[in-house]
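Data file: coords-v1.txt. Format and content: compact mmCIF, C-alpha atoms.
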# COMPACT_ATOMS: atom_id res chain seq x y z
CA MET B 1 3.98 0.07 -0.71
CA THR B 2 2.34 -3.48 0.20
CA THR B 3 1.78 -5.86 3.65
CA LEU B 4 -0.11 -9.15 4.74
CA ARG B 5 -0.46 -12.35 7.01
CA LEU B 6 -1.80 -15.99 7.67
CA LEU B 7 -3.54 -18.55 10.15
CA SER B 8 -3.66 -21.72 12.62
CA THR B 9 -4.42 -25.13 14.33
CA ILE B 10 -5.74 -28.66 13.39
CA PHE B 11 -7.82 -30.41 10.69
CA ILE B 12 -9.68 -33.24 12.47
CA SER B 13 -10.34 -35.22 9.28
CA LEU B 14 -11.51 -34.62 5.74
CA GLY B 15 -14.74 -36.52 6.40
CA LEU B 16 -15.63 -34.41 9.44
CA THR B 17 -14.82 -31.20 7.61
CA LEU B 18 -17.06 -32.07 4.68
CA SER B 19 -19.91 -33.12 6.93
CA ALA B 20 -19.61 -29.90 8.90
CA GLY B 21 -19.71 -27.95 5.64
CA ALA B 22 -22.81 -29.84 4.56
CA ALA B 23 -24.49 -29.10 7.88
CA ARG B 24 -23.70 -25.39 7.53
CA ALA B 25 -25.13 -25.35 4.03
CA GLN B 26 -28.52 -26.37 5.41
CA SER B 27 -28.78 -23.08 7.32
CA ASP B 28 -29.59 -19.79 5.65
CA HIS B 29 -27.60 -17.79 8.19
CA PRO B 30 -25.16 -19.88 10.24
CA ASP B 31 -23.58 -18.16 13.21
CA ALA B 32 -20.63 -16.07 12.01
CA SER B 33 -18.64 -16.57 15.21
CA LYS B 34 -18.82 -20.35 14.87
CA LEU B 35 -17.79 -20.19 11.20
CA LEU B 36 -14.80 -18.01 12.05
CA ASP B 37 -13.75 -20.08 15.06
CA GLU B 38 -13.94 -23.31 13.06
CA PHE B 39 -11.91 -21.78 10.26
CA GLN B 40 -9.21 -20.48 12.60
CA SER B 41 -9.00 -23.79 14.45
CA SER B 42 -7.78 -25.51 11.31
CA HIS B 43 -5.97 -22.96 9.17
CA GLY B 44 -2.95 -20.71 9.38
CA LEU B 45 -0.52 -19.30 11.91
CA ASN B 46 -2.70 -18.28 14.86
CA GLY B 47 -0.82 -19.39 17.97
CA VAL B 48 2.46 -20.09 16.14
CA ALA B 49 5.36 -18.50 18.05
CA GLY B 50 7.58 -17.91 15.02
CA ALA B 51 7.05 -18.38 11.29
CA ARG B 52 8.81 -17.43 8.08
CA LEU B 53 7.30 -17.52 4.59
CA THR B 54 9.47 -16.93 1.54
CA GLY B 55 8.60 -16.79 -2.13
CA LYS B 56 8.01 -14.62 -5.17
CA VAL B 57 5.99 -11.45 -5.68
CA SER B 58 4.81 -9.84 -8.91
CA TRP B 59 2.51 -7.07 -10.10
CA VAL B 60 -0.22 -8.53 -12.30
CA GLY B 61 -0.12 -6.97 -15.77
CA LEU B 62 3.28 -5.31 -15.25
CA PRO B 63 6.75 -6.72 -16.00
CA LEU B 64 7.73 -6.34 -12.35
CA ALA B 65 8.71 -9.30 -10.15
CA GLY B 66 10.80 -9.87 -7.07
CA THR B 67 11.11 -11.80 -3.83
CA ILE B 68 9.14 -11.69 -0.60
CA VAL B 69 9.89 -12.71 2.99
CA GLU B 70 7.25 -12.56 5.75
CA VAL B 71 8.25 -13.21 9.37
CA TYR B 72 5.64 -13.42 12.13
CA GLY B 73 5.82 -13.81 15.88
CA GLY B 74 2.19 -13.70 16.98
CA TYR B 75 -0.10 -10.74 17.52
CA GLY B 76 1.81 -7.46 17.31
CA LYS B 77 4.95 -8.94 15.78
CA ALA B 78 5.58 -8.92 12.04
CA ILE B 79 8.17 -7.85 9.48
CA LEU B 80 7.36 -8.18 5.78
CA THR B 81 9.88 -7.40 3.04
CA GLN B 82 9.59 -7.23 -0.72
CA GLU B 83 12.56 -6.63 -3.00
CA PHE B 84 12.43 -5.76 -6.70
CA PRO B 85 15.54 -5.45 -8.91
CA SER B 86 14.34 -2.17 -10.42
CA LEU B 87 12.81 -0.63 -7.28
CA GLY B 88 14.85 -1.84 -4.32
CA LYS B 89 13.70 -3.13 -0.93
CA PHE B 90 10.39 -2.33 0.75
CA GLU B 91 9.60 -3.22 4.36
CA ALA B 92 6.53 -3.13 6.58
CA GLY B 93 6.69 -3.91 10.28
CA TRP B 94 4.61 -3.98 13.42
CA ASP B 95 6.06 -4.20 16.94
CA GLY B 96 2.74 -4.06 18.79
CA GLU B 97 2.76 -0.26 19.04
CA LEU B 98 4.26 1.20 15.88
CA LEU B 99 3.25 0.28 12.34
CA TRP B 100 5.97 1.36 9.93
CA GLU B 101 7.12 1.17 6.34
CA ARG B 102 10.55 1.69 4.78
CA THR B 103 10.97 2.44 1.09
CA PRO B 104 14.02 3.36 -1.00
CA THR B 105 12.58 6.77 -1.88
CA THR B 106 10.90 7.95 1.34
CA GLY B 107 12.77 6.09 4.10
CA ALA B 108 10.90 5.20 7.29
CA LYS B 109 7.27 6.23 7.72
CA VAL B 110 4.87 5.51 10.58
CA ARG B 111 1.18 5.01 9.85
CA THR B 112 -1.54 6.22 12.21
CA GLY B 113 -5.33 6.49 12.41
CA TRP B 114 -7.89 4.36 10.62
CA VAL B 115 -5.58 3.90 7.62
CA ALA B 116 -3.12 2.20 9.99
CA CYS B 117 -5.96 0.08 11.39
CA GLU B 118 -6.75 -1.17 7.89
CA HIS B 119 -3.09 -2.06 7.29
CA LEU B 120 -2.94 -3.90 10.63
CA ARG B 121 -6.08 -5.88 9.85
CA ARG B 122 -4.70 -6.83 6.44
CA MET B 123 -1.42 -7.92 8.02
CA ALA B 124 -3.10 -9.85 10.85
CA ILE B 125 -5.65 -11.52 8.56
CA SER B 126 -2.86 -12.82 6.35
CA GLN B 127 -1.37 -14.38 9.48
CA ASN B 128 -4.92 -15.12 10.68
CA ILE B 129 -4.62 -13.69 14.15
CA ASP B 130 -7.73 -14.41 16.26
CA TRP B 131 -10.50 -12.41 14.60
CA ARG B 132 -11.73 -11.16 18.00
CA GLN B 133 -8.53 -9.13 18.37
CA LEU B 134 -9.40 -7.27 15.16
CA TYR B 135 -13.19 -7.00 15.19
CA GLY B 136 -15.89 -6.19 17.71
CA ALA B 137 -18.74 -8.10 16.07
CA ALA B 138 -19.43 -10.50 13.21
CA LYS B 139 -22.58 -11.63 11.44
CA THR B 140 -23.47 -13.72 8.41
CA VAL B 141 -25.15 -11.52 5.81
CA GLY B 142 -25.60 -13.77 2.80
CA VAL B 143 -24.18 -16.11 0.20
CA GLU B 144 -21.92 -15.17 -2.71
CA GLU B 145 -20.14 -17.16 -5.40
CA ILE B 146 -16.46 -16.37 -6.01
CA ASP B 147 -14.71 -18.07 -8.93
CA GLY B 148 -17.28 -20.86 -8.85
CA VAL B 149 -17.03 -21.39 -5.07
CA LYS B 150 -20.13 -20.79 -2.95
CA CYS B 151 -19.18 -18.75 0.09
CA TRP B 152 -20.77 -17.46 3.25
CA LYS B 153 -20.50 -13.68 3.29
CA LEU B 154 -19.69 -12.28 6.73
CA ALA B 155 -19.69 -8.64 7.90
CA LEU B 156 -17.16 -7.82 10.63
CA THR B 157 -17.00 -4.49 12.52
CA PRO B 158 -13.39 -3.24 12.86
CA LEU B 159 -11.98 -2.39 16.28
CA ASP B 160 -10.15 0.89 16.82
CA LEU B 161 -6.68 -0.67 17.09
CA MET B 162 -4.79 2.64 16.88
CA LYS B 163 -7.02 4.88 19.05
CA ALA B 164 -8.11 6.71 15.91
CA GLY B 165 -11.44 7.91 17.34
CA ASP B 166 -14.86 8.03 15.70
CA GLU B 167 -13.95 10.39 12.87
CA GLY B 168 -13.24 8.37 9.74
CA ARG B 169 -14.51 5.10 11.23
CA PRO B 170 -14.89 2.67 8.28
CA PRO B 171 -17.84 0.40 7.49
CA ALA B 172 -17.71 -3.35 8.11
CA ASP B 173 -15.16 -5.55 6.36
CA HIS B 174 -16.45 -8.55 4.43
CA TRP B 175 -15.05 -12.07 4.77
CA TYR B 176 -15.96 -14.91 2.41
CA LEU B 177 -15.69 -18.50 3.69
CA ASP B 178 -15.98 -21.57 1.45
CA GLN B 179 -19.29 -23.28 2.36
CA THR B 180 -17.77 -26.73 1.84
CA SER B 181 -14.25 -26.58 3.28
CA GLY B 182 -14.64 -23.59 5.61
CA ALA B 183 -11.49 -22.01 4.16
CA LEU B 184 -11.10 -18.27 3.76
CA VAL B 185 -11.49 -17.29 0.11
CA ARG B 186 -11.52 -13.50 0.17
CA VAL B 187 -11.43 -10.51 2.52
CA GLN B 188 -12.52 -7.00 1.54
CA LEU B 189 -11.17 -4.34 3.89
CA HIS B 190 -12.48 -0.80 4.17
CA THR B 191 -10.80 2.48 5.01
CA ALA B 192 -12.96 5.57 5.37
CA SER B 193 -11.77 8.56 3.35
CA ALA B 194 -12.70 12.18 2.98
CA GLY B 195 -16.36 12.84 2.24
CA GLY B 196 -17.50 9.69 4.03
CA GLU B 197 -16.64 7.46 1.09
CA SER B 198 -14.83 4.17 1.60
CA ALA B 199 -11.71 2.86 -0.12
CA VAL B 200 -11.57 -0.92 -0.45
CA SER B 201 -8.60 -3.27 -0.60
CA GLN B 202 -9.01 -6.98 -1.27
CA VAL B 203 -7.04 -10.07 -0.35
CA ASP B 204 -7.72 -13.41 -2.08
CA PHE B 205 -6.41 -16.62 -0.47
CA LYS B 206 -5.56 -19.60 -2.69
CA GLU B 207 -3.86 -23.00 -2.62
CA TRP B 208 -4.36 -23.98 1.00
CA LYS B 209 -1.78 -26.71 1.70
CA ARG B 210 -0.90 -28.65 4.81
CA VAL B 211 2.31 -27.70 6.62
CA GLY B 212 2.64 -29.93 9.67
CA GLU B 213 -0.68 -29.74 11.49
CA ARG B 214 -1.85 -26.58 9.73
CA LEU B 215 -3.25 -25.51 6.41
CA ILE B 216 -1.43 -22.51 4.94
CA ALA B 217 -2.46 -20.39 1.94
CA HIS B 218 0.48 -20.67 -0.46
CA ARG B 219 -0.88 -17.98 -2.77
CA ARG B 220 -2.36 -14.57 -2.04
CA GLU B 221 -3.44 -11.72 -4.26
CA LEU B 222 -3.71 -8.19 -2.90
CA THR B 223 -5.75 -5.72 -4.94
CA ILE B 224 -5.57 -1.99 -4.20
CA SER B 225 -7.23 0.43 -6.60
CA ASP B 226 -6.57 -1.00 -10.08
CA PHE B 227 -3.38 -2.87 -9.19
CA THR B 228 -3.00 -6.48 -8.05
CA LEU B 229 0.03 -7.87 -6.24
CA ALA B 230 0.45 -11.66 -6.51
CA LEU B 231 2.38 -13.55 -3.82
CA THR B 232 3.44 -17.19 -4.18
CA PHE B 233 5.13 -18.86 -1.20
CA GLU B 234 7.65 -21.61 -1.90
CA SER B 235 8.85 -22.18 1.68
CA VAL B 236 6.92 -22.10 4.98
CA GLU B 237 8.85 -22.57 8.24
CA LEU B 238 6.90 -22.90 11.51
CA GLY B 239 7.95 -22.93 15.15
CA LEU B 240 11.03 -20.76 14.66
CA GLU B 241 12.96 -19.32 17.62
CA LEU B 242 13.62 -15.73 16.61
CA PRO B 243 16.29 -13.54 18.26
CA THR B 244 15.25 -11.19 21.05
CA GLY B 245 14.39 -7.80 19.61
CA PHE B 246 13.86 -9.18 16.11
CA PHE B 247 10.63 -7.21 15.67
CA THR B 248 11.77 -4.04 17.45
CA ALA B 249 11.37 -0.85 15.42
CA GLY B 250 14.69 0.81 14.52
CA PRO B 251 15.84 4.34 15.47
CA ASP B 252 14.68 5.72 12.11
CA VAL B 253 11.15 4.46 12.79
CA VAL B 254 11.13 6.00 16.27
CA ALA B 255 12.33 9.28 14.76
CA ALA B 256 9.62 9.09 12.08
CA ALA B 257 7.00 8.54 14.79
CA THR B 258 8.22 11.59 16.68
CA THR B 259 8.17 13.69 13.52
CA SER B 260 4.66 12.47 12.69
CA GLU B 261 3.39 13.43 16.15
CA ALA B 262 4.97 16.88 15.82
CA ASP B 263 3.43 17.40 12.39
CA GLU B 264 -0.02 16.44 13.67
CA ALA B 265 0.38 18.81 16.60
CA GLY B 266 1.60 21.57 14.29
CA VAL B 267 4.88 22.07 16.14
CA GLY B 268 8.59 21.59 15.56
CA GLY B 269 10.78 22.96 12.79
CA GLU B 270 9.93 24.66 9.52
CA SER B 271 6.59 23.72 8.02
CA ALA B 272 6.86 21.31 5.11
CA THR B 273 4.61 23.64 3.11
CA ALA B 274 7.04 26.57 3.43
CA ILE B 275 8.84 27.61 0.25
CA ARG B 276 12.58 27.05 0.40
CA ILE B 277 15.55 27.06 -1.98
CA GLU B 278 17.35 23.78 -2.61
CA THR B 279 20.19 22.74 -4.91
CA LEU B 280 19.09 19.78 -7.02
CA GLU B 281 21.16 17.13 -8.78
CA VAL B 282 20.54 16.31 -12.43
CA ARG B 283 18.38 13.17 -12.63
CA HIS B 284 17.80 10.67 -15.41
CA VAL B 285 14.13 10.09 -16.19
CA ALA B 286 11.99 7.98 -18.51
CA THR B 287 9.15 10.15 -19.80
CA ILE B 288 6.39 10.71 -22.32
CA ARG B 289 5.95 14.27 -23.58
CA LEU B 290 2.77 15.37 -25.34
CA THR B 291 0.10 18.06 -25.50
CA CYS B 292 -3.44 17.82 -24.17
CA LYS B 293 -6.43 19.96 -23.24
CA HIS B 294 -6.78 21.13 -19.64
CA ALA B 295 -9.98 19.12 -19.33
CA ASP B 296 -8.14 15.96 -20.42
CA LEU B 297 -5.21 16.28 -18.01
CA LYS B 298 -6.38 13.73 -15.43
CA GLN B 299 -7.17 11.09 -18.07
CA THR B 300 -3.88 11.77 -19.89
CA LEU B 301 -1.82 11.34 -16.72
CA SER B 302 -3.63 8.11 -15.86
CA THR B 303 -2.41 6.78 -19.23
CA ILE B 304 1.15 8.08 -19.61
CA LEU B 305 2.44 7.46 -16.07
CA PRO B 306 1.59 3.72 -16.06
CA GLU B 307 2.96 3.48 -19.62
CA ALA B 308 6.25 5.04 -18.54
CA MET B 309 6.39 2.83 -15.45
CA GLY B 310 5.79 -0.28 -17.57
CA ALA B 311 8.64 0.66 -19.90
CA VAL B 312 10.97 1.20 -16.94
CA PHE B 313 10.08 -2.15 -15.38
CA GLY B 314 10.46 -3.90 -18.73
CA SER B 315 13.94 -2.42 -19.22
CA GLY B 316 15.13 -3.53 -15.78
CA ALA B 317 16.08 0.04 -14.87
CA ARG B 318 16.13 0.97 -11.18
CA VAL B 319 13.54 3.51 -10.04
CA VAL B 320 15.04 6.22 -7.81
CA GLY B 321 12.16 8.61 -7.20
CA ALA B 322 8.45 9.33 -7.28
CA PRO B 323 6.37 9.73 -10.47
CA PHE B 324 6.32 13.31 -11.71
CA VAL B 325 4.71 15.61 -14.27
CA ARG B 326 6.49 18.64 -15.74
CA TYR B 327 4.53 21.54 -17.27
CA HIS B 328 6.38 23.01 -20.26
CA ASN B 329 3.45 25.18 -21.37
CA TRP B 330 0.39 26.37 -19.42
CA GLY B 331 -1.41 27.80 -22.46
CA ASP B 332 -4.67 26.74 -24.09
CA ASP B 333 -3.03 23.38 -24.78
CA LEU B 334 -0.89 21.92 -22.02
CA ASP B 335 2.59 20.75 -23.00
CA ILE B 336 3.36 18.13 -20.35
CA GLU B 337 6.01 15.54 -19.64
CA GLY B 338 5.24 12.67 -17.29
CA GLY B 339 7.52 9.91 -16.13
CA ILE B 340 9.73 8.16 -13.60
CA PRO B 341 13.25 8.97 -12.27
CA VAL B 342 15.74 6.16 -12.96
CA ALA B 343 19.32 5.44 -11.93
CA GLU B 344 20.64 5.22 -15.51
CA PRO B 345 19.27 6.27 -18.93
CA ILE B 346 16.88 3.77 -20.48
CA LEU B 347 16.67 2.86 -24.17
CA PRO B 348 13.74 4.48 -26.02
CA LYS B 349 10.59 2.37 -26.10
CA GLY B 350 7.68 3.71 -28.14
CA ARG B 351 6.58 7.02 -26.65
CA VAL B 352 8.83 6.57 -23.60
CA GLN B 353 12.13 8.41 -24.05
CA PRO B 354 15.27 8.91 -21.91
CA ARG B 355 15.49 12.50 -20.67
CA THR B 356 16.75 14.44 -17.62
CA LEU B 357 15.40 16.71 -14.92
CA PRO B 358 17.68 19.71 -14.43
CA GLY B 359 19.96 20.28 -11.49
CA GLY B 360 20.85 23.55 -9.80
CA PRO B 361 18.92 25.94 -7.56
CA ALA B 362 15.17 25.55 -7.31
CA LEU B 363 12.23 26.69 -5.22
CA VAL B 364 10.69 23.69 -3.47
CA THR B 365 7.58 23.23 -1.35
CA ILE B 366 5.16 20.49 -0.33
CA HIS B 367 1.51 20.70 -1.33
CA LEU B 368 -0.55 18.93 1.33
CA GLY B 369 -4.02 17.94 0.15
CA PRO B 370 -5.99 16.85 -2.92
CA TYR B 371 -4.64 17.28 -6.42
CA ASP B 372 -7.47 19.57 -7.51
CA ARG B 373 -6.07 22.27 -5.21
CA LEU B 374 -2.52 22.15 -6.57
CA GLY B 375 -3.26 25.34 -8.49
CA GLU B 376 -3.25 27.23 -5.17
CA THR B 377 0.31 26.05 -4.46
CA HIS B 378 1.46 27.00 -7.96
CA THR B 379 -0.03 30.47 -7.47
CA ARG B 380 1.84 30.79 -4.18
CA MET B 381 5.11 29.75 -5.89
CA GLN B 382 4.61 32.22 -8.75
CA GLU B 383 3.92 35.05 -6.29
CA TYR B 384 7.11 34.13 -4.42
CA VAL B 385 9.09 34.38 -7.68
CA GLU B 386 7.66 37.82 -8.42
CA ASP B 387 7.95 39.18 -4.87
CA ASN B 388 11.61 38.14 -4.67
CA GLU B 389 12.45 39.20 -8.25
CA LEU B 390 13.66 35.72 -9.20
CA GLN B 391 14.07 34.36 -12.72
CA LEU B 392 12.80 30.92 -13.68
CA ALA B 393 15.34 28.58 -15.27
CA GLY B 394 12.90 26.16 -16.87
CA ALA B 395 9.55 24.48 -16.57
CA PRO B 396 8.23 23.52 -13.11
CA TRP B 397 7.18 20.01 -12.13
CA GLU B 398 5.24 18.06 -9.51
CA GLU B 399 6.43 14.88 -7.78
CA TYR B 400 3.66 12.69 -6.35
CA LEU B 401 4.98 11.44 -3.01
CA THR B 402 1.78 9.74 -1.85
CA ASP B 403 0.17 6.66 -3.43
CA PRO B 404 -3.61 7.31 -3.27
CA GLY B 405 -4.15 3.55 -3.27
CA MET B 406 -2.27 3.27 0.02
CA GLU B 407 -3.49 6.55 1.53
CA PRO B 408 -7.18 7.06 0.67
CA ASP B 409 -7.56 10.38 2.51
CA PRO B 410 -6.82 13.20 0.00
CA LYS B 411 -6.16 15.61 2.90
CA LYS B 412 -2.97 13.64 3.61
CA TRP B 413 -1.64 13.46 0.04
CA LYS B 414 1.79 15.06 -0.37
CA THR B 415 3.03 16.51 -3.66
CA LYS B 416 6.43 18.16 -4.03
CA VAL B 417 6.31 21.22 -6.29
CA ILE B 418 9.62 22.37 -7.87
CA TYR B 419 10.42 25.61 -9.71
CA PRO B 420 14.01 25.78 -11.11
CA ILE B 421 15.49 29.28 -10.84
CA ASN B 422 18.59 31.25 -11.84
CA ARG B 423 20.77 32.69 -9.08

If you convert what's in this file into structure tokens, what do you get?
Amino acid sequence: MTTLRLLSTIFISLGLTLSAGAARAQSDHPDASKLLDEFQSSHGLNGVAGARLTGKVSWVGLPLAGTIVEVYGGYGKAILTQEFPSLGKFEAGWDGELLWERTPTTGAKVRTGWVACEHLRRMAISQNIDWRQLYGAAKTVGVEEIDGVKCWKLALTPLDLMKAGDEGRPPADHWYLDQTSGALVRVQLHTASAGGESAVSQVDFKEWKRVGERLIAHRRELTISDFTLALTFESVELGLELPTGFFTAGPDVVAAATTSEADEAGVGGESATAIRIETLEVRHVATIRLTCKHADLKQTLSTILPEAMGAVFGSGARVVGAPFVRYHNWGDDLDIEGGIPVAEPILPKGRVQPRTLPGGPALVTIHLGPYDRLGETHTRMQEYVEDNELQLAGAPWEEYLTDPGMEPDPKKWKTKVIYPINR
């Protein structure tokens, strides 16, 4: 789910800052290194031993709000938590070696490769760790206006922070610095994905305010895909003495790292893509059921799943699982039901209705890869049913375990496919 950071050191005086900005404006292409060094000498948390930021977080356009706490201890030390009444607690951490996330639905997960590098850069930029620890080169490439503010546009080449190798190496990130104040206005971060295309996330920095000898951005907006997360910080504590081991990854993270390495090596235990029989519990869900043409499936899902999620958030219900789509009819017209698992039944709201997913025995497998190849997994499941002379006990469904906005590589997308059966 979502992670970030901030910056450090001393404003000499307002007059000197303005004059420096005026001098920079006289040059078509001022040196990017000097712009970045000047910015980091006067803004943020770079060099601060311990810092804690607390405030509120909300999804723009959705009735979903909660609290946020970010704790930093310099390069390689960060724990960020967000808690929503209807979703639970989400955590992202970095101990200098492992980058992890914990969510209520998936538990601990360790990120690797260039996707992890992008998350680390986003986290370190929010703290404003020395840019040279994140990038190998920087150059000024132009001027751009953002919300009425003229900015220098800088291109920075990401370092391979996670030993990801050349495959999937992303293009340069773009930083935008206010020509007058020198403050960071926006960062656009890139993660290479399958096919050589690049996914982009964006962080906007707002309301720079003095805290002691530093200027701290008291508002940030993180945009991934079509969603924007707004963070407003109400308290900033600097110079904290944090307990020894505060940033150490827990046993579940270490176990997740070991599992991830085994999966990448193709060893250890039963493959996640194997078909197995599980006994499921009945689950409450909030869903929209309708019919659509096969050609319209993608567009239909992009409408009904956010609509169901919005109704759940608006009701205050607690989400307890991944979004899903159930296929009641595979004929000329698809009869589908898409929604969100919740802890308790919701009240009906428009097209969104309280329903249940059945319990009992079911065939379960993980589809690893892009959605347009899910048909291959369904074929494999149907052949398993026939070969083992099983009887279906209802319509199958798919649970989308991976957020494409957070994992841009379709080869790594995980979808759970469930076929209820009679035994």

*Figure out the distance between atom CA of B:Pro361 and atom CA of B:Glu386, please, to one decimal in Å.*
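Taking atom CA of B:Glu386 as the start and atom CA of B:Pro361 as the end point, the length is 16.4 Å.
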
_Straight-line distance linking atom CA of B:Asn422 with atom CA of B:Met381, stated in Å to one decimal_ =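 Atom-to-atom, atom CA of B:Asn422 to atom CA of B:Met381, that is 14.8 Å.
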
*asked:* Give me the residues near B:Lys293 as a PyMOL selection string, where near means some atom within 8 Å (using only C-alpha atoms) and where sequence neighbours in that chain fewer than 3 positions away do not count.
replied: chain B and resi 296-297+332-334

*Spatial neighbours of B:Leu215, max dist 6 Å, all atoms listed in the file, sep filter under 2 positions, as a ChimeraX atom specification*: /B:43-44,208-211

Using only C-alpha atoms, determine which residues lie at most 8 Å from stretch 54-61 of chain B, disregarding the query and same-chain residues fewer than 4 positions distant; provide the list as an mmCIF file with C-alpha atoms, in the frame of the given file.
data_model
loop_
_atom_site.group_PDB
_atom_site.id
_atom_site.type_symbol
_atom_site.label_atom_id
_atom_site.label_comp_id
_atom_site.auth_asym_id
_atom_site.auth_seq_id
_atom_site.Cartn_x
_atom_site.Cartn_y
_atom_site.Cartn_z
ATOM 1 C CA ALA B 65 8.710 -9.300 -10.150
ATOM 2 C CA GLY B 66 10.800 -9.870 -7.070
ATOM 3 C CA THR B 67 11.110 -11.800 -3.830
ATOM 4 C CA ILE B 68 9.140 -11.690 -0.600
ATOM 5 C CA VAL B 69 9.890 -12.710 2.990
ATOM 6 C CA GLU B 70 7.250 -12.560 5.750
ATOM 7 C CA GLN B 82 9.590 -7.230 -0.720
ATOM 8 C CA PHE B 227 -3.380 -2.870 -9.190
ATOM 9 C CA THR B 228 -3.000 -6.480 -8.050
ATOM 10 C CA LEU B 229 0.030 -7.870 -6.240
ATOM 11 C CA ALA B 230 0.450 -11.660 -6.510
ATOM 12 C CA LEU B 231 2.380 -13.550 -3.820
ATOM 13 C CA THR B 232 3.440 -17.190 -4.180
ATOM 14 C CA PHE B 233 5.130 -18.860 -1.200
ATOM 15 C CA GLU B 234 7.650 -21.610 -1.900
ATOM 16 C CA SER B 235 8.850 -22.180 1.680
ATOM 17 C CA VAL B 236 6.920 -22.100 4.980
#

*Separation of atom CA of B:Phe324 from atom CA of B:Ala116, in Å and rounded to one decimal*: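 Computed distance, atom CA of B:Phe324 to atom CA of B:Ala116, equals 26.1 Å.
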
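With only C-alpha atoms taken into account, the protein and nucleic acid residues at most 10 Å from B:Ile336 (excluding it and anything under 4 positions from it in its own chain) are Thr287, Ile288, Arg289, Leu290, Thr291, Cys292, Leu297, Thr300, Leu301, Val325, Arg326, Tyr327, His328, Asn329, Trp330, Ala395 and Trp397 of chain B.
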
Can I get the selected residues back with C-alpha atoms, as a PDB file, in the coordinates of the input?
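The resulting selection05.pdb:
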ATOM      1  CA  THR B 287       9.150  10.150 -19.800  1.00  0.00           C
ATOM      2  CA  ILE B 288       6.390  10.710 -22.320  1.00  0.00           C
ATOM      3  CA  ARG B 289       5.950  14.270 -23.580  1.00  0.00           C
ATOM      4  CA  LEU B 290       2.770  15.370 -25.340  1.00  0.00           C
ATOM      5  CA  THR B 291       0.100  18.060 -25.500  1.00  0.00           C
ATOM      6  CA  CYS B 292      -3.440  17.820 -24.170  1.00  0.00           C
ATOM      7  CA  LEU B 297      -5.210  16.280 -18.010  1.00  0.00           C
ATOM      8  CA  THR B 300      -3.880  11.770 -19.890  1.00  0.00           C
ATOM      9  CA  LEU B 301      -1.820  11.340 -16.720  1.00  0.00           C
ATOM     10  CA  VAL B 325       4.710  15.610 -14.270  1.00  0.00           C
ATOM     11  CA  ARG B 326       6.490  18.640 -15.740  1.00  0.00           C
ATOM     12  CA  TYR B 327       4.530  21.540 -17.270  1.00  0.00           C
ATOM     13  CA  HIS B 328       6.380  23.010 -20.260  1.00  0.00           C
ATOM     14  CA  ASN B 329       3.450  25.180 -21.370  1.00  0.00           C
ATOM     15  CA  TRP B 330       0.390  26.370 -19.420  1.00  0.00           C
ATOM     16  CA  ALA B 395       9.550  24.480 -16.570  1.00  0.00           C
ATOM     17  CA  TRP B 397       7.180  20.010 -12.130  1.00  0.00           C
TER      18      TRP B 397
END

Residues near B:Leu347, anyone? I mean within 9 Å using only C-alpha atoms, not counting same-chain ones fewer than 4 positions away, as an mmCIF file with C-alpha atoms, keeping the file's coordinate frame.
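What follows is the written file out_23.cif:
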data_model
loop_
_atom_site.group_PDB
_atom_site.id
_atom_site.type_symbol
_atom_site.label_atom_id
_atom_site.label_comp_id
_atom_site.auth_asym_id
_atom_site.auth_seq_id
_atom_site.Cartn_x
_atom_site.Cartn_y
_atom_site.Cartn_z
ATOM 1 C CA ALA B 286 11.990 7.980 -18.510
ATOM 2 C CA SER B 315 13.940 -2.420 -19.220
ATOM 3 C CA VAL B 352 8.830 6.570 -23.600
ATOM 4 C CA GLN B 353 12.130 8.410 -24.050
ATOM 5 C CA PRO B 354 15.270 8.910 -21.910
#
